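To start, the structure itself, in structure tokens.
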Amino acid sequence: MTFKDQIDLSKLPEHIAVIMDGNGRWAKTHGKPRIFGHRNGVKAVREISEGAAEIGIKYLTLYAFSTENWNRPQLEVDALMTLLVSTVRNELKTLNKNSIRLNAIGDLSRLPPKTYKTLMEGIEDTRNNDRMTLTLALNYSARWELTEVVRNVAHDVKQGKLNIADINDSVIQAALTTHDMPDPELMIRTSGEQRISNYLLWQLAYAELYFTDTFWPDFNKEELYKALVDYQGRERRFGQISEQL
Ligand code: IPE
Ligand code: IPE
Ligand code: MG
């Protein structure tokens with residue numbers, strides 16, 4: 001029996017977040033430069049997006065470039081930014097065919113102009129698709145996001161639009177880059193690393209974490225479905241005890 005057959009479609013998470021990791025090490029095992037790994041990582045992005053949409057996942061959020069990734073060798077950063085342009089252009093057809101809406105979170109204003117422009121075009125061209133929202137976290141970090149939230153909330157207080165006493169969970173939730181989506185119920189990280197790397201710190205507060213040794217370019221639909229089966233076998237207690245659920 002495949003993992004896909006074992007999934008209970010009535011208990012799917014609405015939102016899956018992914019840290020796509022291991023492109024560089026995957027390339028190394030093939031005796032190739034790191035960028036070869038990133039190029040093959042694009043295939044996994046296509047496969048996982050299709051695989052998620054196919055079973056009815058509503059939101060898929062992929063960590064594609066962190067604010068810390070600017071510290072990589074310039075050649076790799078340039079290659080990643082160029083790869084992003086070609087990927088968005090090449091994948092538009094598939095996104096529209098599958099009715100997937102493209103979205104992006106992060107400090108997008110700092111992306112190279114061409115990358116930014118292509119990204120905005122992709123978002124515009126897919127904005128009426130409603131099967132699944134595919135969000136790319138680009139020049140994203142949770143500390144950047146939460147700092148922006150504090151700045152915006154403080155601004156509203158200063159303008160007299162908000163009382164300090166009224167600042168609560170919902171006010172913060174509404175100021176996040178993900179304000180229009182539910183929090184991810186499942187977070188998957190490939191490549192064997194077991195850390196969050198500055199990803200969605202607020203949103204992942206109660207997410208189930210799933211780690212696999214598979215490098216991102218080798219991550220496929222069945223691996224995604226395996227993660228979902230694992231997720232569905234867990235008991236999510238949210239602070240309560242088993243008997244209360
Ligand atoms: C993930 O793969 C892709 C990005 C961070 C852009 P890595 O490039 O981090 O690959 P490893 O972790 O070095 O193998
Ligand atoms: C996290 O991967 C960021 C992305 C997947 C875009 P990294 O490979 O940059 O994370 P660290 O540095 O190993 O924690
Ligand atoms: Mg890495």
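Simple scheme: letters A, B, ... for chains in structure tokens order, numbers from 1 for residues in each chain, numbers from 1 for ligands in the order shown.
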
Exercise for review: Name the residues, by chain letter and number, that sit within 8 Å of ligand 1 using only C-alpha atoms and all ligand atoms, and give them as an MDAnalysis selection string.
Suggested key: chainID A and resid 19:27 34 37:38 41 63:66 69 80 191 215:216

Check your understanding: Residues of region 50-186 of chain A in alpha helix (DSSP H) according to DSSP, as a PyMOL selection string?
Key -> chain A and resi 50-55+74-97+113-125+142-158+169-175

Check your understanding: Please, what distance in Å, to one decimal, runs between CA of Phe219 (chain A) and CA of Leu62 (chain A)?
Key -> 13.2 Å

Check your understanding: For Asn198 (chain A), which residue among A:Ser141, A:Asn129, A:Thr212, A:Thr82 is the nearest when counting only C-alpha atoms?
Key ->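 Using only C-alpha atoms, the shortest distance to Asn198 (chain A) belongs to A:Ser141.
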
Exercise for review: Return the single residue from A:Thr190, A:Gln244, A:Asn103, A:Thr126 that is closest to ligand 3, with distances computed using only C-alpha atoms and all ligand atoms.
Suggested key: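 Of A:Thr190, A:Gln244, A:Asn103, A:Thr126, the one nearest ligand 3 is A:Thr190, counting only C-alpha atoms and all ligand atoms.
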
Check your understanding: Got a sec: who's within 12 Å of Thr133 (chain A), counting only C-alpha atoms, leaving out chain neighbours fewer than 3 positions off, as a PyMOL selection string?
Key -> chain A and resi 14-17+49-50+52-53+56-62+95-96+98-104+123+126-130+136+178+180-182

Practice item. Just the residues within 8 Å of Arg89 (chain A), please, counting only C-alpha atoms, with nothing from its chain fewer than 3 positions along; format it as JSON, numbers by chain. Key: {"A": [85, 86, 92, 118, 122]}

May I have the residues from that selection written out with C-alpha atoms, as a PDB file, in the first residue's frame?
```pdb
ATOM      1  CA  VAL A  85      13.300  34.433 -12.201  1.00  0.00           C
ATOM      2  CA  SER A  86      13.441  31.479 -14.600  1.00  0.00           C
ATOM      3  CA  LEU A  92       3.413  29.781 -14.548  1.00  0.00           C
ATOM      4  CA  THR A 118       9.062  38.597 -12.240  1.00  0.00           C
ATOM      5  CA  GLY A 122       3.722  35.642 -11.325  1.00  0.00           C
TER       6      GLY A 122
END
```

Exercise for review: Please indicate the distance in Å from CA of Glu121 (chain A) to CA of Leu134 (chain A), rounded to one decimal place.
Suggested key: 14.7 Å

**Study point:** Straight-line distance linking CA of Thr94 (chain A) with CA of Ala44 (chain A), stated in Å to one decimal
**Key:**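 Going from CA of Thr94 (chain A) over to CA of Ala44 (chain A) covers 13.6 Å.
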
Check your understanding: Pick the closest to ligand 3 from A:Leu119, A:Glu68, A:Leu209, A:Arg131: which is it, counting only C-alpha atoms and all ligand atoms?
Key ->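 With only C-alpha atoms and all ligand atoms as the atom set, the closest residue is A:Glu68.
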
**Study point:** Selected residue, from A:Leu146, A:Ile196, A:Met132, A:Ala205, that lies nearest to ligand 3 when counting only C-alpha atoms and all ligand atoms
**Key:**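 When distances to ligand 3 are compared using only C-alpha atoms and all ligand atoms, the smallest one comes from A:Ile196.
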
Practice item. Using only C-alpha atoms, determine which residues lie at most 9 Å from Val153 (chain A), disregarding the query and same-chain residues fewer than 2 positions distant; provide the list as a PyMOL selection string. Key: chain A and resi 148-151+155-158+162+167+171-172+175

Exercise for review: as number ranges by chain, list the residues of region 172-233 of chain A assigned to strand (DSSP E) by DSSP on the backbone atoms of this structure.
Suggested key: A: 186-189, 208-211

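Nearest residue to Glu208 (chain A) among A:Lys28, A:Ile35, A:Val18, A:Lys97 is A:Val18, counting only C-alpha atoms.
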
Review point. Quick one: of A:Met1, A:Pro13, A:Asn152, A:Arg39, who's nearest to Glu76 (chain A), counting only C-alpha atoms?
Key: A:Arg39
